[in-house]
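Participant: Pasting coords_36.cif here (mmCIF, C-alpha atoms):
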data_work
#
loop_
_atom_site.group_PDB
_atom_site.id
_atom_site.type_symbol
_atom_site.label_atom_id
_atom_site.label_comp_id
_atom_site.auth_asym_id
_atom_site.auth_seq_id
_atom_site.Cartn_x
_atom_site.Cartn_y
_atom_site.Cartn_z
ATOM 1 C CA MET A 35 28.858 137.098 173.199
ATOM 2 C CA PRO A 36 31.918 136.041 175.238
ATOM 3 C CA THR A 37 35.306 135.999 173.503
ATOM 4 C CA ASP A 38 35.730 132.225 173.997
ATOM 5 C CA VAL A 39 32.535 131.575 171.980
ATOM 6 C CA LEU A 40 33.945 133.730 169.199
ATOM 7 C CA ASN A 41 37.320 131.985 169.321
ATOM 8 C CA THR A 42 35.631 128.584 169.302
ATOM 9 C CA ALA A 43 33.646 129.551 166.176
ATOM 10 C CA MET A 44 36.841 130.858 164.560
ATOM 11 C CA VAL A 45 38.793 127.670 165.308
ATOM 12 C CA SER A 46 35.868 125.513 164.203
ATOM 13 C CA PHE A 47 35.675 127.379 160.886
ATOM 14 C CA ALA A 48 39.450 127.060 160.364
ATOM 15 C CA ARG A 49 39.382 123.327 161.117
ATOM 16 C CA SER A 50 36.432 122.830 158.808
ATOM 17 C CA LEU A 51 38.373 124.576 156.027
ATOM 18 C CA LYS A 52 41.467 122.484 156.724
ATOM 19 C CA SER A 53 39.477 119.291 156.357
ATOM 20 C CA THR A 54 38.381 120.136 152.789
ATOM 21 C CA GLU A 55 40.049 118.490 149.821
ATOM 22 C CA ALA A 56 40.811 121.920 148.318
ATOM 23 C CA VAL A 57 42.912 122.945 151.328
ATOM 24 C CA LYS A 58 44.571 119.528 151.634
ATOM 25 C CA ARG A 59 45.544 119.681 147.955
ATOM 26 C CA PHE A 60 46.916 123.206 148.488
ATOM 27 C CA PHE A 61 49.175 122.110 151.375
ATOM 28 C CA GLU A 62 50.459 119.179 149.343
ATOM 29 C CA ALA A 63 51.105 121.357 146.273
ATOM 30 C CA ARG A 64 52.826 123.982 148.458
ATOM 31 C CA ARG A 65 55.053 121.322 150.002
ATOM 32 C CA ARG A 66 56.028 120.027 146.550
ATOM 33 C CA PHE A 67 56.539 123.594 145.250
ATOM 34 C CA GLU A 68 58.816 124.509 148.167
ATOM 35 C CA SER A 69 60.817 121.270 148.225
ATOM 36 C CA ASP A 70 61.444 120.690 144.516
ATOM 37 C CA GLU A 71 65.222 120.864 143.988
ATOM 38 C CA ASP A 72 65.060 121.684 140.300
ATOM 39 C CA LEU A 73 62.659 124.555 140.993
ATOM 40 C CA SER A 74 64.823 125.777 143.905
ATOM 41 C CA ARG A 75 67.787 126.011 141.536
ATOM 42 C CA SER A 76 65.669 127.938 139.006
ATOM 43 C CA ARG A 77 64.498 130.306 141.749
ATOM 44 C CA GLU A 78 68.040 130.901 142.949
ATOM 45 C CA ALA A 79 69.266 131.508 139.382
ATOM 46 C CA PHE A 80 66.411 133.961 138.800
ATOM 47 C CA ASN A 81 66.992 135.821 142.086
ATOM 48 C CA GLN A 82 70.697 136.141 141.316
ATOM 49 C CA ALA A 83 69.927 137.395 137.797
ATOM 50 C CA ALA A 84 67.322 139.837 139.169
ATOM 51 C CA ARG A 85 69.920 141.359 141.530
ATOM 52 C CA THR A 86 72.380 141.786 138.649
ATOM 53 C CA PHE A 87 69.561 143.123 136.465
ATOM 54 C CA ARG A 88 68.716 145.861 138.992
ATOM 55 C CA GLU A 89 72.346 146.861 139.427
ATOM 56 C CA LYS A 90 72.928 147.081 135.672
ATOM 57 C CA GLN A 91 69.624 148.877 135.129
ATOM 58 C CA THR A 92 70.663 151.525 137.679
ATOM 59 C CA ALA A 93 74.080 151.821 136.037
ATOM 60 C CA GLY A 94 72.493 151.956 132.581
ATOM 61 C CA THR A 95 74.613 149.052 131.311
ATOM 62 C CA LEU A 96 71.857 146.519 130.717
ATOM 63 C CA THR A 97 71.996 144.739 127.353
ATOM 64 C CA GLU A 98 69.201 143.238 125.246
ATOM 65 C CA GLN A 99 70.810 139.830 125.722
ATOM 66 C CA GLU A 100 70.643 140.153 129.520
ATOM 67 C CA ILE A 101 66.965 141.178 129.352
ATOM 68 C CA SER A 102 66.258 138.080 127.237
ATOM 69 C CA GLN A 103 68.193 135.928 129.707
ATOM 70 C CA ILE A 104 66.193 137.068 132.733
ATOM 71 C CA ARG A 105 62.925 136.627 130.811
ATOM 72 C CA ALA A 106 63.934 133.074 129.948
ATOM 73 C CA LEU A 107 64.757 132.331 133.586
ATOM 74 C CA GLN A 108 61.427 133.796 134.690
ATOM 75 C CA SER A 109 59.543 131.718 132.115
ATOM 76 C CA LYS A 110 61.377 128.574 133.180
ATOM 77 C CA MET A 111 60.349 129.200 136.792
ATOM 78 C CA ASN A 112 56.734 130.151 135.970
ATOM 79 C CA LEU A 113 56.216 127.250 133.596
ATOM 80 C CA HIS A 114 57.765 124.656 135.893
ATOM 81 C CA PRO A 115 55.155 121.905 136.524
ATOM 82 C CA ARG A 116 55.382 122.436 140.305
ATOM 83 C CA THR A 117 54.713 126.179 139.930
ATOM 84 C CA VAL A 118 51.826 125.584 137.541
ATOM 85 C CA GLU A 119 50.327 123.000 139.897
ATOM 86 C CA TYR A 120 50.792 125.239 142.950
ATOM 87 C CA LEU A 121 49.117 128.242 141.306
ATOM 88 C CA ARG A 122 46.242 126.138 139.946
ATOM 89 C CA VAL A 123 45.544 124.516 143.311
ATOM 90 C CA GLN A 124 45.875 127.853 145.098
ATOM 91 C CA GLN A 125 43.309 129.334 142.706
ATOM 92 C CA GLU A 126 40.916 126.435 143.366
ATOM 93 C CA MET A 127 41.332 126.969 147.086
ATOM 94 C CA ALA A 128 40.876 130.734 146.731
ATOM 95 C CA GLU A 129 37.477 130.100 145.120
ATOM 96 C CA LEU A 130 36.394 128.238 148.236
ATOM 97 C CA MET A 131 37.753 131.058 150.466
ATOM 98 C CA GLN A 132 35.835 133.598 148.369
ATOM 99 C CA GLU A 133 32.649 131.602 148.725
ATOM 100 C CA CYS A 134 33.107 131.423 152.509
ATOM 101 C CA ASN A 135 33.892 135.127 152.621
ATOM 102 C CA GLN A 136 30.692 135.843 150.717
ATOM 103 C CA GLN A 137 28.654 133.871 153.265
ATOM 104 C CA ILE A 138 30.324 135.698 156.169
ATOM 105 C CA SER A 139 30.010 139.112 154.536
ATOM 106 C CA GLU A 140 26.331 138.673 153.674
ATOM 107 C CA LEU A 141 25.503 138.026 157.319
ATOM 108 C CA LEU A 142 27.670 140.870 158.617
ATOM 109 C CA GLY A 143 26.705 143.476 156.031
ATOM 110 C CA PHE A 144 30.296 144.323 155.081
ATOM 111 C CA ASP A 145 33.160 142.600 153.262
ATOM 112 C CA PHE A 146 35.084 140.633 155.886
ATOM 113 C CA SER A 147 38.158 140.155 153.662
ATOM 114 C CA ALA A 148 38.423 143.851 152.778
ATOM 115 C CA ILE A 149 38.472 144.799 156.481
ATOM 116 C CA ALA A 150 40.667 141.913 157.594
ATOM 117 C CA ALA A 151 43.372 141.826 154.932
ATOM 118 C CA PRO A 152 46.402 143.947 155.743
ATOM 119 C CA SER A 153 46.345 147.079 153.605
ATOM 120 C CA GLY A 154 48.226 146.835 150.341
ATOM 121 C CA SER A 155 48.402 143.054 150.454
ATOM 122 C CA CYS A 156 47.614 141.261 147.213
ATOM 123 C CA MET B 1499 33.727 123.872 143.644
ATOM 124 C CA GLU B 1500 33.036 121.141 141.130
ATOM 125 C CA ASN B 1501 35.464 118.693 142.620
ATOM 126 C CA MET B 1502 34.557 119.230 146.217
ATOM 127 C CA ALA B 1503 32.250 116.777 147.925
ATOM 128 C CA THR B 1504 28.879 118.423 148.498
ATOM 129 C CA GLY B 1505 28.784 117.380 152.155
ATOM 130 C CA ALA B 1506 32.150 118.939 152.952
ATOM 131 C CA ARG B 1507 31.186 122.108 151.072
ATOM 132 C CA THR B 1508 27.907 122.411 152.973
ATOM 133 C CA GLU B 1509 29.753 121.827 156.241
ATOM 134 C CA VAL B 1510 32.412 124.459 155.605
ATOM 135 C CA LEU B 1511 29.867 127.047 154.464
ATOM 136 C CA GLU B 1512 27.814 126.390 157.591
ATOM 137 C CA ALA B 1513 30.974 126.809 159.706
ATOM 138 C CA ALA B 1514 31.561 130.131 157.907
ATOM 139 C CA ARG B 1515 28.022 131.266 158.739
ATOM 140 C CA SER B 1516 28.422 130.185 162.388
ATOM 141 C CA PHE B 1517 31.624 132.191 162.533
ATOM 142 C CA ALA B 1518 29.774 135.215 161.094
ATOM 143 C CA ARG B 1519 26.928 134.795 163.596
ATOM 144 C CA ALA B 1520 29.479 134.679 166.428
ATOM 145 C CA ILE B 1521 30.992 137.954 165.165
ATOM 146 C CA GLY B 1522 27.457 139.353 164.939
ATOM 147 C CA GLY B 1523 26.948 138.491 168.602
ATOM 148 C CA SER B 1524 30.176 140.143 169.750
ATOM 149 C CA SER B 1525 30.071 143.316 171.839
ATOM 150 C CA GLN B 1526 32.154 145.103 169.184
ATOM 151 C CA PHE B 1527 29.646 144.339 166.428
ATOM 152 C CA GLN B 1528 26.660 145.211 168.632
ATOM 153 C CA GLU B 1529 28.245 148.510 169.625
ATOM 154 C CA TYR B 1530 28.978 149.328 165.976
ATOM 155 C CA GLU B 1531 25.372 148.602 164.948
ATOM 156 C CA GLN B 1532 24.002 150.746 167.754
ATOM 157 C CA ALA B 1533 26.387 153.597 167.007
ATOM 158 C CA GLU B 1534 25.492 153.442 163.319
ATOM 159 C CA ALA B 1535 21.752 153.375 164.101
ATOM 160 C CA SER B 1536 22.051 156.416 166.362
ATOM 161 C CA ILE B 1537 23.612 158.361 163.469
ATOM 162 C CA LYS B 1538 20.888 157.281 161.054
ATOM 163 C CA GLU B 1539 18.318 158.758 163.441
ATOM 164 C CA ASP B 1540 20.191 162.056 163.708
ATOM 165 C CA ARG B 1541 20.001 164.288 160.629
ATOM 166 C CA GLU B 1542 22.633 166.714 161.913
ATOM 167 C CA ALA B 1543 25.130 163.915 162.605
ATOM 168 C CA GLN B 1544 24.435 162.376 159.201
ATOM 169 C CA THR B 1545 25.033 165.658 157.390
ATOM 170 C CA LEU B 1546 28.261 166.274 159.272
ATOM 171 C CA LEU B 1547 29.474 162.735 158.551
ATOM 172 C CA THR B 1548 28.697 163.081 154.822
ATOM 173 C CA GLU B 1549 30.490 166.449 154.683
ATOM 174 C CA TYR B 1550 33.481 164.955 156.488
ATOM 175 C CA GLN B 1551 33.676 161.909 154.188
ATOM 176 C CA GLU B 1552 33.372 164.094 151.079
ATOM 177 C CA ALA B 1553 36.077 166.444 152.339
ATOM 178 C CA GLN B 1554 38.307 163.462 153.084
ATOM 179 C CA GLN B 1555 37.839 162.106 149.558
ATOM 180 C CA THR B 1556 38.479 165.515 147.983
ATOM 181 C CA LEU B 1557 41.634 165.993 150.032
ATOM 182 C CA GLN B 1558 42.942 162.512 149.147
ATOM 183 C CA MET B 1559 42.205 163.105 145.467
ATOM 184 C CA LEU B 1560 43.932 166.495 145.475
ATOM 185 C CA GLN B 1561 46.902 165.084 147.366
ATOM 186 C CA SER B 1562 47.348 162.300 144.829
ATOM 187 C CA TRP B 1563 47.136 164.754 141.923
ATOM 188 C CA SER B 1564 49.054 167.741 143.117
ATOM 189 C CA GLY B 1565 50.108 167.276 146.714
ATOM 190 C CA GLY B 1566 46.931 169.039 147.926
ATOM 191 C CA ASN B 1567 46.481 172.618 148.998
ATOM 192 C CA SER B 1568 46.358 174.323 152.376
ATOM 193 C CA HIS B 1569 42.797 175.620 151.918
ATOM 194 C CA HIS B 1570 41.318 172.124 151.586
ATOM 195 C CA ALA B 1571 43.576 170.759 154.318
ATOM 196 C CA ALA B 1572 42.391 173.479 156.723
ATOM 197 C CA GLN B 1573 38.757 172.883 155.764
ATOM 198 C CA PHE B 1574 39.199 169.165 156.390
ATOM 199 C CA ARG B 1575 40.875 169.706 159.782
ATOM 200 C CA GLU B 1576 38.016 172.006 160.804
ATOM 201 C CA LEU B 1577 35.443 169.345 159.886
ATOM 202 C CA GLU B 1578 37.500 166.659 161.595
ATOM 203 C CA GLU B 1579 37.510 168.709 164.774
ATOM 204 C CA LYS B 1580 33.695 169.062 164.598
ATOM 205 C CA VAL B 1581 33.308 165.321 164.003
ATOM 206 C CA LEU B 1582 35.526 164.430 166.947
ATOM 207 C CA GLN B 1583 33.556 166.732 169.207
ATOM 208 C CA HIS B 1584 30.221 165.247 168.170
ATOM 209 C CA PRO B 1585 29.349 162.542 170.749
ATOM 210 C CA LYS B 1586 27.453 160.265 168.344
ATOM 211 C CA LEU B 1587 30.109 160.498 165.632
ATOM 212 C CA ARG B 1588 32.913 159.999 168.125
ATOM 213 C CA ARG B 1589 31.098 156.903 169.383
ATOM 214 C CA TYR B 1590 30.611 155.700 165.785
ATOM 215 C CA PHE B 1591 34.317 156.043 164.919
ATOM 216 C CA ASN B 1592 35.386 154.372 168.154
ATOM 217 C CA ALA B 1593 32.973 151.506 167.479
ATOM 218 C CA GLN B 1594 34.241 151.180 163.920
ATOM 219 C CA GLU B 1595 37.821 151.039 165.175
ATOM 220 C CA GLY B 1596 36.887 148.365 167.715
ATOM 221 C CA LEU B 1597 35.160 146.247 165.105
ATOM 222 C CA VAL B 1598 38.017 146.556 162.582
ATOM 223 C CA SER B 1599 40.466 145.571 165.298
ATOM 224 C CA LEU B 1600 38.352 142.503 166.161
ATOM 225 C CA ILE B 1601 38.047 141.430 162.499
ATOM 226 C CA GLN B 1602 41.797 141.767 161.965
ATOM 227 C CA ARG B 1603 42.534 139.832 165.154
ATOM 228 C CA LEU B 1604 40.174 137.040 164.061
ATOM 229 C CA ASN B 1605 41.806 136.891 160.639
ATOM 230 C CA ARG B 1606 45.226 136.577 162.293
ATOM 231 C CA GLY B 1607 43.778 133.750 164.398
ATOM 232 C CA LEU B 1608 42.444 132.045 161.271
ATOM 233 C CA GLY B 1609 45.877 132.460 159.671
ATOM 234 C CA GLU B 1610 47.572 130.824 162.649
ATOM 235 C CA GLU B 1611 45.210 127.862 162.458
ATOM 236 C CA LEU B 1612 45.324 127.559 158.673
ATOM 237 C CA GLY B 1613 48.927 128.402 157.823
ATOM 238 C CA PHE B 1614 47.899 131.018 155.248
ATOM 239 C CA ASP B 1615 46.104 134.371 155.217
ATOM 240 C CA PHE B 1616 42.384 133.671 154.781
ATOM 241 C CA ALA B 1617 41.375 137.251 153.942
ATOM 242 C CA ARG B 1618 44.124 137.737 151.365
ATOM 243 C CA LEU B 1619 42.925 134.672 149.441
ATOM 244 C CA ALA B 1620 39.268 135.462 150.035
ATOM 245 C CA LYS B 1621 39.399 138.918 148.478
ATOM 246 C CA PRO B 1622 37.187 138.957 145.399
ATOM 247 C CA ALA B 1623 39.188 138.490 142.184
ATOM 248 C CA GLY B 1624 40.333 141.783 140.718
ATOM 249 C CA GLY B 1625 39.808 143.621 143.982
ATOM 250 C CA CYS B 1626 43.486 143.737 144.714
ATOM 251 C CA CYS B 1627 45.412 147.038 145.108
#
Please go through the file and, once you have read it, give me the structure as structure tokens.

Facilitator:
Amino acid sequence: MPTDVLNTAMVSFARSLKSTEAVKRFFEARRRFESDEDLSRSREAFNQAARTFREKQTAGTLTEQEISQIRALQSKMNLHPRTVEYLRVQQEMAELMQECNQQISELLGFDFSAIAAPSGSC
Amino acid sequence: MENMATGARTEVLEAARSFARAIGGSSQFQEYEQAEASIKEDREAQTLLTEYQEAQQTLQMLQSWSGGNSHHAAQFRELEEKVLQHPKLRRYFNAQEGLVSLIQRLNRGLGEELGFDFARLAKPAGGCC
């Protein structure tokens, strides 16, 4: 089969996926997740605290209070409505991807995602 | 997909199957199937391949436990040499490499179209790392 037929089928599959509500909801949730100012501040605060955490952990000067602080920042970020929405919608979309992968893999006789995903990626 | 319109779901699953059929019609897939079939018909090649795969697993296991040992490493290299000299096995490994390369290229193409990594999200739950 010529390469252009294969590429056409690939593009057609991608476009079909993009037209589903699950993927549209994912893009919208991702946009909101990435552009939320309150969440951006929480992320920045957490990243800054994580850098300090690592430095103090290496130096052996980390206190219980600092561990509690970084846990609180992490919880704030993880429980933020935009994060919760983004993860939920991503999970819904992943179910559709898994179903498609199953269809592809059954026809090919091997797991497409296992071969295609870069090693070590989660 | 409870909240996905049935028509759209049917359409996307059909597009997935068309994509799979197109891969199945590719020269890389055809070559892999033929190379695999030629090994299945050859008892000697099959035995050598099984020995090689078992030696590879043993070596990896030993390396993860204790850094491995030179005896197993030498045994593995010897088998690897035999495998690489075997025309049918060499063809099989080349075909496998070609097919893997095609699949990874197609997934990159899907990623460019979609804006996310299809295969990473499509991996069955719990199958990560």

Participant: Only residues of chain A matter here; which ones have an atom within 6 Å of chain B, counting all atoms listed in the file? Give them as a list in words.

Facilitator: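 Result, ordered by chain then number: Met35, Leu40, Ala43, Met44, Phe47, Ala48, Ser50, Leu51, Ala128, Met131, Gln132, Cys134, Asn135, Ile138, Ser147, Ala150, Ala151, Gly154 and Cys156 of chain A.
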
Participant: Evaluate the PyMOL selection byres ((chain B and resi 1576-1581) around 10) and record the selected residues as a list in words, following the chain and residue labels used in the document.

Facilitator: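 Those residues are Ala1543, Leu1546, Leu1547, Glu1549, Tyr1550, Gln1551, Ala1553, Gln1554, His1570, Ala1571, Ala1572, Gln1573, Phe1574, Arg1575, Leu1582, Gln1583, His1584, Pro1585, Lys1586, Leu1587, Arg1588 and Phe1591 of chain B.
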
Participant: Quick one, how far is atom CA of B:His1569 from atom CA of B:Gln1594?

Facilitator: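 Atom CA of B:His1569 sits 28.5 Å away from atom CA of B:Gln1594.
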
Participant: Calculate how many Å separate atom CA of A:Lys52 from atom CA of A:Phe146, rounding to one decimal.

Facilitator: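 Value for the atom CA of A:Lys52-atom CA of A:Phe146 distance: 19.3 Å.
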
Participant: Box time for stretch 1562-1578 of chain B: axis-aligned, enclosing all its listed atoms, 3 Å extra on each side; report centre and edge lengths in Å to one decimal, as lines of an AutoDock Vina configuration file.

Facilitator:
center_x = 42.8
center_y = 169.0
center_z = 151.8
size_x = 20.7
size_y = 19.3
size_z = 25.7

Participant: Looking at only C-alpha atoms, which of A:Ala148, A:Glu119, A:Ser46, A:Asn81 is the one that sits closest to A:Glu68?

Facilitator: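 Of A:Ala148, A:Glu119, A:Ser46, A:Asn81, the one nearest A:Glu68, counting only C-alpha atoms, is A:Glu119.
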
Participant: Report, in Å to a single decimal, how far apart atom CA of A:Met127 and atom CA of A:Phe80 are.

Facilitator: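 Interatomic distance, atom CA of A:Phe80 to atom CA of A:Met127: 27.3 Å.
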
Participant: Give as a list in words the residues that the PyMOL selection byres ((chain A and resi 107) around 9) matches when applied to the coordinates above.

Facilitator: Ser76, Arg77, Ala79, Phe80, Ala83, Ser102, Gln103, Ile104, Arg105, Ala106, Gln108, Ser109, Lys110, Met111 and Asn112 of chain A

Participant: Write out as CSV a residue-level contact list of stretch 106-153 of chain A versus stretch 56-62 of chain A with cut-off 8 Å: for each qualifying residue the closest pair of atoms and the distance in Å to one decimal, counting only C-alpha atoms, rows sorted by chain and residue number upward.

Facilitator:
residue,atom,partner,partner_atom,distance
A:Tyr120,CA,A:Phe60,CA,7.1
A:Val123,CA,A:Phe60,CA,5.5
A:Gln124,CA,A:Phe60,CA,5.8
A:Glu126,CA,A:Ala56,CA,6.7
A:Met127,CA,A:Ala56,CA,5.2
A:Leu130,CA,A:Ala56,CA,7.7
